[in-house]
>>> print(open('model-v7.tsv').read())   # TSV, C-alpha atoms
chain	number	residue	atom	x	y	z
F	1	MET	CA	-19.47	-22.97	-23.66
F	2	LEU	CA	-21.73	-21.67	-20.92
F	3	ILE	CA	-18.87	-21.60	-18.43
F	4	LEU	CA	-16.66	-19.67	-20.87
F	5	THR	CA	-19.47	-17.18	-21.47
F	6	LEU	CA	-19.90	-16.64	-17.74
F	7	ALA	CA	-16.18	-16.14	-17.29
F	8	LEU	CA	-16.13	-13.56	-20.08
F	9	CYS	CA	-19.10	-11.79	-18.50
F	10	ILE	CA	-17.26	-11.59	-15.17
F	11	LEU	CA	-14.20	-10.11	-16.85
F	12	PHE	CA	-16.35	-7.65	-18.78
F	13	ILE	CA	-18.12	-6.51	-15.60
F	14	SER	CA	-14.76	-6.04	-13.85
F	15	GLY	CA	-13.46	-3.95	-16.74
F	16	ALA	CA	-16.65	-1.88	-16.82
F	17	ALA	CA	-16.35	-1.20	-13.09
F	18	LEU	CA	-12.76	-0.06	-13.56
F	19	LEU	CA	-13.70	2.26	-16.42
F	20	ALA	CA	-16.60	3.71	-14.41
F	21	ALA	CA	-14.32	4.43	-11.46
F	22	LEU	CA	-11.77	6.10	-13.72
F	23	LEU	CA	-14.45	8.21	-15.42
F	24	VAL	CA	-15.78	9.42	-12.10
F	25	SER	CA	-12.34	10.53	-10.88
F	26	ARG	CA	-11.05	11.91	-14.20
F	27	LYS	CA	-12.90	15.23	-14.20
F	28	SER	CA	-11.81	16.35	-10.73
F	29	ARG	CA	-8.27	15.09	-11.28
F	30	VAL	CA	-7.87	16.99	-14.56
F	31	ALA	CA	-9.24	20.18	-12.95
F	32	LEU	CA	-6.81	19.87	-10.04
F	33	ASP	CA	-3.85	19.28	-12.38
F	34	ARG	CA	-4.85	22.33	-14.42
F	35	ARG	CA	-4.93	24.58	-11.33
F	36	VAL	CA	-1.58	23.26	-10.06
F	37	ASN	CA	0.00	23.78	-13.47
F	38	LEU	CA	-1.30	27.37	-13.62
F	39	VAL	CA	0.13	28.18	-10.20
F	40	SER	CA	3.44	26.51	-11.01
F	41	ARG	CA	3.79	28.32	-14.34
F	42	SER	CA	3.04	31.69	-12.75
F	43	SER	CA	5.67	31.10	-10.03
F	44	ARG	CA	8.36	29.95	-12.49
F	45	PRO	CA	8.55	32.39	-15.41
F	46	GLN	CA	12.06	31.22	-16.28
F	47	MET	CA	10.95	27.61	-16.87
F	48	SER	CA	12.23	26.06	-20.07
F	49	GLY	CA	9.92	25.32	-22.97
F	50	ARG	CA	10.35	21.57	-22.71
F	51	ILE	CA	9.25	21.46	-19.05
F	52	SER	CA	6.32	23.78	-19.75
F	53	ALA	CA	5.19	21.56	-22.59
F	54	ALA	CA	5.42	18.51	-20.35
F	55	MET	CA	3.31	20.23	-17.70
F	56	GLN	CA	0.70	21.22	-20.28
F	57	ALA	CA	0.47	17.67	-21.66
F	58	PRO	CA	-2.83	15.94	-20.83
F	59	THR	CA	-2.72	13.24	-18.18
F	60	ALA	CA	-3.13	9.62	-19.26
F	61	PHE	CA	-6.59	8.12	-18.91
F	62	ILE	CA	-5.41	4.91	-17.23
F	63	THR	CA	-2.48	5.56	-14.93
F	64	ALA	CA	-0.68	3.31	-12.48
F	65	GLU	CA	-1.99	5.34	-9.55
F	66	ARG	CA	-5.62	4.89	-10.64
F	67	VAL	CA	-5.13	1.17	-11.16
F	68	ARG	CA	-3.58	0.88	-7.71
F	69	ILE	CA	-6.56	2.73	-6.24
F	70	PHE	CA	-8.90	0.32	-8.03
F	71	PHE	CA	-7.19	-2.75	-6.56
F	72	THR	CA	-6.93	-1.22	-3.08
F	73	LEU	CA	-10.46	0.06	-2.57
F	74	GLY	CA	-10.94	0.77	1.11
F	75	ARG	CA	-7.21	1.09	1.74
F	76	GLY	CA	-6.41	4.57	3.03
F	77	TYR	CA	-2.78	4.94	1.96
F	78	ASN	CA	-1.06	3.87	-1.26
F	79	TRP	CA	1.95	6.20	-1.48
F	80	GLY	CA	4.42	3.35	-1.03
F	81	MET	CA	3.13	1.11	-3.82
F	82	GLN	CA	5.38	0.77	-6.87
F	83	SER	CA	3.74	-1.74	-9.23
F	84	GLY	CA	2.61	-0.40	-12.60
F	85	ALA	CA	-0.74	-0.83	-14.30
F	86	ALA	CA	0.45	-3.44	-16.81
F	87	SER	CA	2.10	-5.64	-14.18
F	88	LEU	CA	-0.93	-5.44	-11.89
F	89	PHE	CA	-3.34	-6.48	-14.63
F	90	ALA	CA	-0.98	-9.26	-15.72
F	91	ILE	CA	-0.82	-10.59	-12.16
F	92	ALA	CA	-4.59	-10.29	-11.76
F	93	PHE	CA	-5.42	-12.15	-14.95
F	94	ALA	CA	-2.77	-14.82	-14.28
F	95	ALA	CA	-4.14	-15.38	-10.77
F	96	ALA	CA	-7.70	-15.53	-12.10
F	97	ALA	CA	-6.77	-18.04	-14.81
F	98	ALA	CA	-4.83	-20.25	-12.38
F	99	THR	CA	-7.69	-20.16	-9.87
F	100	TRP	CA	-10.23	-21.03	-12.57
F	101	LEU	CA	-8.21	-24.01	-13.76
F	102	LEU	CA	-7.64	-25.22	-10.20
F	103	ALA	CA	-11.26	-24.82	-9.10
F	104	SER	CA	-13.00	-26.10	-12.24
F	105	THR	CA	-10.57	-28.73	-13.53
F	106	VAL	CA	-8.57	-30.06	-10.60
F	107	LEU	CA	-11.04	-29.64	-7.73
F	108	ASN	CA	-14.14	-30.03	-9.95
F	109	PHE	CA	-16.08	-27.27	-8.19
F	110	SER	CA	-19.38	-26.01	-9.55
F	111	PRO	CA	-19.15	-23.17	-12.11
F	112	TRP	CA	-20.56	-20.59	-9.70
F	113	ILE	CA	-18.06	-21.44	-6.96
F	114	ALA	CA	-15.24	-21.43	-9.52
F	115	LEU	CA	-16.33	-18.02	-10.81
F	116	LEU	CA	-16.53	-16.63	-7.29
F	117	ALA	CA	-13.04	-17.90	-6.51
F	118	THR	CA	-11.76	-16.50	-9.83
F	119	GLY	CA	-13.17	-13.04	-9.10
F	120	ALA	CA	-11.71	-13.12	-5.60
F	121	ALA	CA	-8.28	-14.07	-6.94
F	122	PHE	CA	-8.48	-11.32	-9.59
F	123	MET	CA	-8.94	-8.67	-6.88
F	124	LEU	CA	-7.14	-10.08	-3.85
F	125	ILE	CA	-3.81	-11.22	-5.30
F	126	PRO	CA	-2.81	-7.75	-6.67
F	127	ARG	CA	-4.23	-6.18	-3.51
F	128	ALA	CA	-2.05	-8.39	-1.30
F	129	LEU	CA	1.00	-7.52	-3.42
F	130	LEU	CA	0.31	-3.78	-3.18
F	131	MET	CA	-0.32	-3.90	0.56
F	132	ARG	CA	2.95	-5.76	1.06
F	133	GLN	CA	4.78	-3.06	-0.92
F	134	GLN	CA	3.10	-0.38	1.16
F	135	ALA	CA	4.07	-2.05	4.43
F	136	ARG	CA	7.68	-2.50	3.28
F	137	THR	CA	7.94	1.15	2.24
F	138	GLU	CA	6.46	2.34	5.54
F	139	ASN	CA	8.99	0.25	7.46
F	140	GLN	CA	11.84	1.68	5.40
F	141	PHE	CA	10.56	5.21	6.00
F	142	MET	CA	10.29	4.71	9.76
F	143	THR	CA	13.81	3.27	9.86
F	144	LEU	CA	15.31	6.28	8.05
F	145	PHE	CA	13.06	9.02	9.42
F	146	PRO	CA	15.07	9.68	12.65
F	147	ASP	CA	18.21	10.22	10.57
F	148	ALA	CA	16.32	12.74	8.43
F	149	ILE	CA	15.24	14.58	11.59
F	150	ASP	CA	18.87	14.67	12.74
F	151	MET	CA	19.80	16.17	9.38
F	152	ALA	CA	17.17	18.87	9.86
F	153	VAL	CA	18.48	19.56	13.38
F	154	ARG	CA	22.03	20.09	12.11
F	155	MET	CA	20.81	22.49	9.41
F	156	LEU	CA	18.70	24.45	11.88
F	157	ARG	CA	21.64	24.84	14.23
F	158	ALA	CA	23.71	26.03	11.26
F	159	GLY	CA	21.22	28.86	10.77
F	160	LEU	CA	19.13	27.56	7.87
F	161	PRO	CA	15.31	27.86	7.94
F	162	ILE	CA	13.17	24.77	8.24
F	163	THR	CA	11.95	25.10	4.64
F	164	ALA	CA	15.54	24.93	3.37
F	165	ALA	CA	16.15	21.92	5.61
F	166	ILE	CA	13.08	20.20	4.14
F	167	ARG	CA	14.33	20.85	0.61
F	168	SER	CA	17.81	19.53	1.47
F	169	ILE	CA	16.36	16.36	2.97
F	170	GLY	CA	14.33	15.88	-0.21
F	171	ASN	CA	17.49	16.12	-2.29
F	172	GLU	CA	19.96	14.17	-0.14
F	173	ALA	CA	18.04	11.65	2.00
F	174	PRO	CA	17.69	8.03	0.82
F	175	THR	CA	14.50	6.52	-0.59
F	176	PRO	CA	11.64	6.71	0.43
F	177	VAL	CA	12.28	9.65	2.77
F	178	ASN	CA	13.50	11.87	-0.05
F	179	GLY	CA	10.28	11.46	-2.04
F	180	ILE	CA	8.06	12.54	0.86
F	181	PHE	CA	10.15	15.59	1.75
F	182	LYS	CA	10.63	16.54	-1.90
F	183	ALA	CA	6.86	16.52	-2.40
F	184	LEU	CA	6.52	18.62	0.76
F	185	GLY	CA	9.03	21.13	-0.57
F	186	ASP	CA	7.23	21.25	-3.94
F	187	GLN	CA	3.94	22.07	-2.23
F	188	VAL	CA	5.54	24.96	-0.35
F	189	GLU	CA	7.22	26.17	-3.54
F	190	ILE	CA	3.95	26.49	-5.48
F	191	GLY	CA	2.42	28.63	-2.74
F	192	ILE	CA	0.78	26.29	-0.23
F	193	PRO	CA	1.37	27.47	3.38
F	194	PHE	CA	4.01	25.41	5.13
F	195	GLU	CA	1.75	24.33	8.00
F	196	GLU	CA	-0.97	23.27	5.57
F	197	ALA	CA	1.55	21.36	3.45
F	198	LEU	CA	2.75	19.52	6.57
F	199	ALA	CA	-0.82	18.58	7.48
F	200	LEU	CA	-1.61	17.41	3.95
F	201	THR	CA	1.53	15.30	3.81
F	202	GLY	CA	0.77	13.76	7.19
F	203	ASP	CA	-2.75	12.87	6.05
F	204	ARG	CA	-1.40	11.40	2.81
F	205	ILE	CA	1.15	9.05	4.35
F	206	GLY	CA	-0.77	8.30	7.57
F	207	LEU	CA	2.25	7.65	9.82
F	208	THR	CA	1.94	8.67	13.46
F	209	ASP	CA	5.60	9.63	13.85
F	210	PHE	CA	5.48	11.97	10.85
F	211	ARG	CA	2.36	13.59	12.29
F	212	PHE	CA	4.29	14.19	15.51
F	213	PHE	CA	6.96	15.88	13.39
F	214	ALA	CA	4.39	18.01	11.53
F	215	THR	CA	2.67	19.06	14.77
F	216	ALA	CA	5.96	19.95	16.46
F	217	VAL	CA	7.14	22.06	13.53
F	218	ALA	CA	3.77	23.82	13.15
F	219	LEU	CA	3.58	24.66	16.87
F	220	GLN	CA	7.16	25.95	17.01
F	221	ARG	CA	6.59	28.16	13.98
F	222	ALA	CA	3.38	29.54	15.51
F	223	THR	CA	4.61	30.08	19.08
F	224	GLY	CA	8.38	30.33	18.71
F	225	GLY	CA	11.04	28.42	20.60
F	226	ASN	CA	14.03	26.23	19.96
F	227	LEU	CA	12.89	24.06	17.06
F	228	ALA	CA	16.23	22.23	16.83
F	229	ALA	CA	15.99	21.03	20.45
F	230	THR	CA	12.38	19.95	19.95
F	231	LEU	CA	13.21	17.94	16.83
F	232	GLU	CA	16.20	16.37	18.57
F	233	ILE	CA	13.94	15.11	21.37
F	234	LEU	CA	11.40	13.92	18.79
F	235	GLY	CA	14.06	11.93	16.93
F	236	ASP	CA	15.10	10.24	20.16
F	237	ILE	CA	11.47	9.37	20.96
F	238	ILE	CA	10.94	7.88	17.48
F	239	ARG	CA	14.04	5.70	17.89
F	240	LYS	CA	12.79	4.46	21.27
F	241	ARG	CA	9.37	3.67	19.81
F	242	ARG	CA	11.00	1.66	17.04
F	243	ALA	CA	13.11	-0.20	19.58
F	244	VAL	CA	9.96	-1.12	21.52
F	245	ARG	CA	8.31	-2.38	18.34
F	246	LEU	CA	11.31	-4.55	17.51
F	247	LYS	CA	11.41	-5.90	21.08
F	248	ALA	CA	7.72	-6.77	20.89
F	249	LYS	CA	8.28	-8.50	17.56
F	250	ALA	CA	11.13	-10.54	19.01
F	251	THR	CA	9.02	-11.44	22.04
F	252	THR	CA	6.18	-12.74	19.89
F	253	ALA	CA	8.47	-14.71	17.55
F	254	GLU	CA	7.52	-18.03	19.17
F	255	VAL	CA	3.82	-17.27	18.82
F	256	ARG	CA	4.24	-16.33	15.16
F	257	VAL	CA	6.13	-19.53	14.38
F	258	SER	CA	3.42	-21.55	16.14
F	259	ALA	CA	0.77	-19.80	14.05
F	260	TYR	CA	2.63	-20.61	10.84
F	261	ILE	CA	2.99	-24.25	11.86
F	262	LEU	CA	-0.69	-24.56	12.77
F	263	GLY	CA	-1.68	-22.95	9.47
F	264	ALA	CA	0.54	-25.30	7.46
F	265	MET	CA	-0.48	-28.53	9.22
F	266	PRO	CA	-3.72	-29.14	7.24
F	267	PHE	CA	-1.89	-28.77	3.93
F	268	LEU	CA	0.93	-31.06	5.09
F	269	VAL	CA	-1.62	-33.70	6.13
F	270	ILE	CA	-3.38	-33.42	2.76
F	271	ALA	CA	-0.07	-33.81	0.93
F	272	ALA	CA	0.80	-36.88	3.01
F	273	LEU	CA	-2.60	-38.47	2.34
F	274	LEU	CA	-2.29	-37.82	-1.39
F	275	ILE	CA	1.02	-39.66	-1.38
F	276	ALA	CA	0.07	-42.55	0.93
F	277	GLN	CA	-3.62	-43.05	0.04
F	278	PRO	CA	-4.71	-41.01	-3.03
F	279	GLY	CA	-8.26	-42.39	-3.11
F	280	TYR	CA	-8.98	-41.36	0.47
F	281	LEU	CA	-9.58	-37.71	-0.50
F	282	ALA	CA	-11.41	-38.45	-3.77
F	283	PRO	CA	-14.89	-37.67	-2.34
F	284	LEU	CA	-13.76	-34.14	-1.57
F	285	VAL	CA	-13.30	-33.62	-5.32
F	286	SER	CA	-15.94	-35.79	-6.96
F	287	ASP	CA	-18.84	-35.40	-4.52
F	288	PRO	CA	-20.71	-32.05	-4.29
F	289	ARG	CA	-20.87	-32.46	-0.53
F	290	GLY	CA	-17.11	-32.89	-0.49
F	291	ASN	CA	-16.78	-29.71	-2.54
F	292	PHE	CA	-18.84	-27.86	0.05
F	293	ILE	CA	-16.71	-29.24	2.88
F	294	SER	CA	-13.50	-28.30	1.07
F	295	GLY	CA	-14.71	-24.76	0.41
F	296	LEU	CA	-15.88	-24.35	4.01
F	297	ALA	CA	-12.53	-25.63	5.30
F	298	ILE	CA	-10.62	-23.17	3.12
F	299	VAL	CA	-12.78	-20.27	4.32
F	300	MET	CA	-12.37	-21.24	7.98
F	301	LEU	CA	-8.61	-21.65	7.61
F	302	THR	CA	-8.39	-18.23	5.97
F	303	ILE	CA	-10.40	-16.61	8.76
F	304	ALA	CA	-8.30	-18.33	11.44
F	305	PHE	CA	-5.00	-17.32	9.83
F	306	SER	CA	-6.19	-13.73	9.34
F	307	THR	CA	-7.32	-13.54	12.97
F	308	MET	CA	-3.98	-14.80	14.29
F	309	ARG	CA	-2.10	-12.45	12.00
F	310	GLN	CA	-4.17	-9.46	13.15
F	311	MET	CA	-3.59	-10.37	16.79
F	312	MET	CA	0.16	-10.55	16.24
F	313	ARG	CA	0.19	-7.25	14.33
F	314	SER	CA	-1.75	-5.53	17.12
F	315	ALA	CA	0.76	-6.82	19.67
F	316	THR	CA	3.72	-5.36	17.77
F	317	ARG	CA	2.04	-2.02	16.94
F	318	VAL	CA	3.16	0.82	19.22
>>> encode(input="model-v7.tsv", output="structure tokens")
Amino acid sequence: MLILTLALCILFISGAALLAALLVSRKSRVALDRRVNLVSRSSRPQMSGRISAAMQAPTAFITAERVRIFFTLGRGYNWGMQSGAASLFAIAFAAAAATWLLASTVLNFSPWIALLATGAAFMLIPRALLMRQQARTENQFMTLFPDAIDMAVRMLRAGLPITAAIRSIGNEAPTPVNGIFKALGDQVEIGIPFEEALALTGDRIGLTDFRFFATAVALQRATGGNLAATLEILGDIIRKRRAVRLKAKATTAEVRVSAYILGAMPFLVIAALLIAQPGYLAPLVSDPRGNFISGLAIVMLTIAFSTMRQMMRSATRV
């Protein structure tokens, strides 16, 4: 009964923290939405009644974006995450329940260690999922971004302005490039200066190659020059940078496989011992000292795997 009460207290504290974070951000978010809606309505007098009503509708209290921000505290960029609020909470509670059953029933850890592991699983499993989605979206964007630049170059050489090229890319480019450029075109359409919209978009997505694009366009608009030729050179540079990243990833393939094998060896040995001699590992479950050793081993393995992964990521980052 005491363990169940403690688990409920942990869940209640987590929910209270989420509600507090949402309450803090709600006031500023509603004020910003109100100002944007006023500007948009004044710039579009011909807007239909249905769209105007949708823009005037109050924003939901718990949105997917706010839930993603809650699970990715400390993470700078979340524009590429797609999971909704319901799925994230379902994954979090399922991971917490599975961790609680594993730690308290199977491994027979103390209640405090089991609660700590449960809270960590509640936060870290959805966070890992969201960060994986963000990384996948960023890779897709960087793969398609040079083609979008080539599209802008062709439109500039045809005589169209860069703002029209941005809007066309937002309408015709594949996902996720179209979403970024469509949002950029929407910012310009509601009255934000083009250079400021480029800077805001670059800060929002946090990709170095897009910041190169934003800086090149802003400088060419301020000083003049052949913007099409500049963007053509930039597209070629971005392709070369991606080729270097892929070459570095292929070069470190052997090291990555070795890291995976070293990380899997302890678990393979444990599985073999459980099959050949089940009683050999019983003290790790029944004895408190064995519980401490097991927890320490898991923490050290996690640190070692994270260190190797960070070293490999730094080697392939250009």
>>> residues_around(input="model-v7.tsv", residues="region 237-250 of chain F", least_positions_apart="6", cutoff="12 Å", atoms="only C-alpha atoms", output="JSON, numbers by chain")
{"F": [139, 140, 141, 142, 143, 144, 145, 146, 147, 148, 149, 150, 207, 208, 209, 210, 211, 212, 213, 230, 231, 256, 257, 312, 313, 314, 315, 316, 317, 318]}
>>> closest_atom_pairs(input="model-v7.tsv", of="region 119-168 of chain F", to="region 77-95 of chain F", cutoff="6 Å", atoms="all atoms listed in the file", output="JSON lines")
{"residue": "F:Ala121", "atom": "CA", "partner": "F:Ala95", "partner_atom": "CA", "distance": 5.8}
{"residue": "F:Phe122", "atom": "CA", "partner": "F:Ala92", "partner_atom": "CA", "distance": 4.6}
{"residue": "F:Pro126", "atom": "CA", "partner": "F:Ala92", "partner_atom": "CA", "distance": 6.0}
{"residue": "F:Leu130", "atom": "CA", "partner": "F:Met81", "partner_atom": "CA", "distance": 5.7}
{"residue": "F:Gln133", "atom": "CA", "partner": "F:Met81", "partner_atom": "CA", "distance": 5.3}
{"residue": "F:Gln134", "atom": "CA", "partner": "F:Gly80", "partner_atom": "CA", "distance": 4.5}
{"residue": "F:Thr137", "atom": "CA", "partner": "F:Gly80", "partner_atom": "CA", "distance": 5.3}
>>> atom_distance(input="model-v7.tsv", atom1="CA of Leu160 (chain F)", atom2="CA of Ala228 (chain F)")
10.8 Å
>>> atom_distance(input="model-v7.tsv", atom1="CA of Ile162 (chain F)", atom2="CA of Gly235 (chain F)")
15.5 Å
>>> atom_distance(input="model-v7.tsv", atom1="CA of Ala96 (chain F)", atom2="CA of Ala120 (chain F)")
8.0 Å
>>> closest_residue(input="model-v7.tsv", among="F:Met265, F:Leu156, F:Val188, F:Glu196", to="Asn226 (chain F)", atoms="all atoms listed in the file")
F:Leu156
>>> closest_residue(input="model-v7.tsv", among="F:Thr252, F:Gln277, F:Ser104, F:Ser168", to="Lys182 (chain F)", atoms="all atoms listed in the file")
F:Ser168
>>> decode(input="model-v7.tsv", residues="region 276-303 of chain F", atoms="N, CA and C atoms", output="PDB file, in the first residue's frame")
ATOM      1  N   ALA F 276      22.352 -21.167 -18.712  1.00  0.00           N
ATOM      2  CA  ALA F 276      23.231 -22.263 -18.285  1.00  0.00           C
ATOM      3  C   ALA F 276      23.216 -22.475 -16.782  1.00  0.00           C
ATOM      4  N   GLN F 277      23.222 -21.383 -16.005  1.00  0.00           N
ATOM      5  CA  GLN F 277      23.303 -21.488 -14.542  1.00  0.00           C
ATOM      6  C   GLN F 277      22.409 -20.405 -13.929  1.00  0.00           C
ATOM      7  N   PRO F 278      21.106 -20.633 -13.825  1.00  0.00           N
ATOM      8  CA  PRO F 278      20.199 -19.576 -13.346  1.00  0.00           C
ATOM      9  C   PRO F 278      20.518 -19.104 -11.935  1.00  0.00           C
ATOM     10  N   GLY F 279      20.950 -19.975 -11.043  1.00  0.00           N
ATOM     11  CA  GLY F 279      21.195 -19.562  -9.676  1.00  0.00           C
ATOM     12  C   GLY F 279      22.433 -18.733  -9.489  1.00  0.00           C
ATOM     13  N   TYR F 280      23.288 -18.650 -10.493  1.00  0.00           N
ATOM     14  CA  TYR F 280      24.542 -17.918 -10.353  1.00  0.00           C
ATOM     15  C   TYR F 280      24.303 -16.425 -10.155  1.00  0.00           C
ATOM     16  N   LEU F 281      23.276 -15.887 -10.794  1.00  0.00           N
ATOM     17  CA  LEU F 281      22.983 -14.448 -10.710  1.00  0.00           C
ATOM     18  C   LEU F 281      21.915 -14.124  -9.678  1.00  0.00           C
ATOM     19  N   ALA F 282      21.476 -15.114  -8.894  1.00  0.00           N
ATOM     20  CA  ALA F 282      20.426 -14.857  -7.905  1.00  0.00           C
ATOM     21  C   ALA F 282      20.814 -13.804  -6.874  1.00  0.00           C
ATOM     22  N   PRO F 283      22.059 -13.742  -6.385  1.00  0.00           N
ATOM     23  CA  PRO F 283      22.397 -12.692  -5.408  1.00  0.00           C
ATOM     24  C   PRO F 283      22.221 -11.275  -5.938  1.00  0.00           C
ATOM     25  N   LEU F 284      22.338 -11.089  -7.240  1.00  0.00           N
ATOM     26  CA  LEU F 284      22.137  -9.749  -7.787  1.00  0.00           C
ATOM     27  C   LEU F 284      20.695  -9.285  -7.648  1.00  0.00           C
ATOM     28  N   VAL F 285      19.769 -10.223  -7.432  1.00  0.00           N
ATOM     29  CA  VAL F 285      18.357  -9.888  -7.311  1.00  0.00           C
ATOM     30  C   VAL F 285      17.895  -9.930  -5.862  1.00  0.00           C
ATOM     31  N   SER F 286      18.329 -10.919  -5.125  1.00  0.00           N
ATOM     32  CA  SER F 286      17.828 -11.126  -3.764  1.00  0.00           C
ATOM     33  C   SER F 286      18.613 -10.349  -2.715  1.00  0.00           C
ATOM     34  N   ASP F 287      19.858 -10.081  -2.940  1.00  0.00           N
ATOM     35  CA  ASP F 287      20.710  -9.414  -1.948  1.00  0.00           C
ATOM     36  C   ASP F 287      20.730  -7.908  -2.220  1.00  0.00           C
ATOM     37  N   PRO F 288      20.553  -7.065  -1.175  1.00  0.00           N
ATOM     38  CA  PRO F 288      20.636  -5.604  -1.403  1.00  0.00           C
ATOM     39  C   PRO F 288      21.966  -5.167  -1.995  1.00  0.00           C
ATOM     40  N   ARG F 289      23.052  -5.815  -1.598  1.00  0.00           N
ATOM     41  CA  ARG F 289      24.345  -5.474  -2.184  1.00  0.00           C
ATOM     42  C   ARG F 289      24.380  -5.814  -3.671  1.00  0.00           C
ATOM     43  N   GLY F 290      23.739  -6.917  -4.034  1.00  0.00           N
ATOM     44  CA  GLY F 290      23.636  -7.244  -5.453  1.00  0.00           C
ATOM     45  C   GLY F 290      22.804  -6.235  -6.220  1.00  0.00           C
ATOM     46  N   ASN F 291      21.742  -5.722  -5.559  1.00  0.00           N
ATOM     47  CA  ASN F 291      20.940  -4.676  -6.201  1.00  0.00           C
ATOM     48  C   ASN F 291      21.777  -3.431  -6.479  1.00  0.00           C
ATOM     49  N   PHE F 292      22.615  -3.076  -5.489  1.00  0.00           N
ATOM     50  CA  PHE F 292      23.475  -1.900  -5.664  1.00  0.00           C
ATOM     51  C   PHE F 292      24.470  -2.122  -6.811  1.00  0.00           C
ATOM     52  N   ILE F 293      25.046  -3.321  -6.868  1.00  0.00           N
ATOM     53  CA  ILE F 293      25.993  -3.620  -7.941  1.00  0.00           C
ATOM     54  C   ILE F 293      25.303  -3.591  -9.305  1.00  0.00           C
ATOM     55  N   SER F 294      24.091  -4.140  -9.360  1.00  0.00           N
ATOM     56  CA  SER F 294      23.357  -4.139 -10.633  1.00  0.00           C
ATOM     57  C   SER F 294      23.036  -2.716 -11.087  1.00  0.00           C
ATOM     58  N   GLY F 295      22.551  -1.886 -10.147  1.00  0.00           N
ATOM     59  CA  GLY F 295      22.249  -0.504 -10.498  1.00  0.00           C
ATOM     60  C   GLY F 295      23.485   0.260 -10.937  1.00  0.00           C
ATOM     61  N   LEU F 296      24.606   0.052 -10.206  1.00  0.00           N
ATOM     62  CA  LEU F 296      25.845   0.729 -10.583  1.00  0.00           C
ATOM     63  C   LEU F 296      26.328   0.276 -11.959  1.00  0.00           C
ATOM     64  N   ALA F 297      26.196  -1.012 -12.252  1.00  0.00           N
ATOM     65  CA  ALA F 297      26.613  -1.518 -13.561  1.00  0.00           C
ATOM     66  C   ALA F 297      25.770  -0.914 -14.680  1.00  0.00           C
ATOM     67  N   ILE F 298      24.466  -0.798 -14.446  1.00  0.00           N
ATOM     68  CA  ILE F 298      23.590  -0.210 -15.470  1.00  0.00           C
ATOM     69  C   ILE F 298      23.961   1.250 -15.715  1.00  0.00           C
ATOM     70  N   VAL F 299      24.227   1.992 -14.634  1.00  0.00           N
ATOM     71  CA  VAL F 299      24.596   3.403 -14.784  1.00  0.00           C
ATOM     72  C   VAL F 299      25.911   3.537 -15.539  1.00  0.00           C
ATOM     73  N   MET F 300      26.902   2.708 -15.196  1.00  0.00           N
ATOM     74  CA  MET F 300      28.202   2.796 -15.868  1.00  0.00           C
ATOM     75  C   MET F 300      28.108   2.393 -17.329  1.00  0.00           C
ATOM     76  N   LEU F 301      27.306   1.376 -17.634  1.00  0.00           N
ATOM     77  CA  LEU F 301      27.108   0.995 -19.030  1.00  0.00           C
ATOM     78  C   LEU F 301      26.423   2.115 -19.820  1.00  0.00           C
ATOM     79  N   THR F 302      25.453   2.770 -19.197  1.00  0.00           N
ATOM     80  CA  THR F 302      24.772   3.878 -19.871  1.00  0.00           C
ATOM     81  C   THR F 302      25.728   5.029 -20.149  1.00  0.00           C
ATOM     82  N   ILE F 303      26.558   5.362 -19.168  1.00  0.00           N
ATOM     83  CA  ILE F 303      27.526   6.442 -19.359  1.00  0.00           C
ATOM     84  C   ILE F 303      28.524   6.084 -20.457  1.00  0.00           C
TER      85      ILE F 303
END
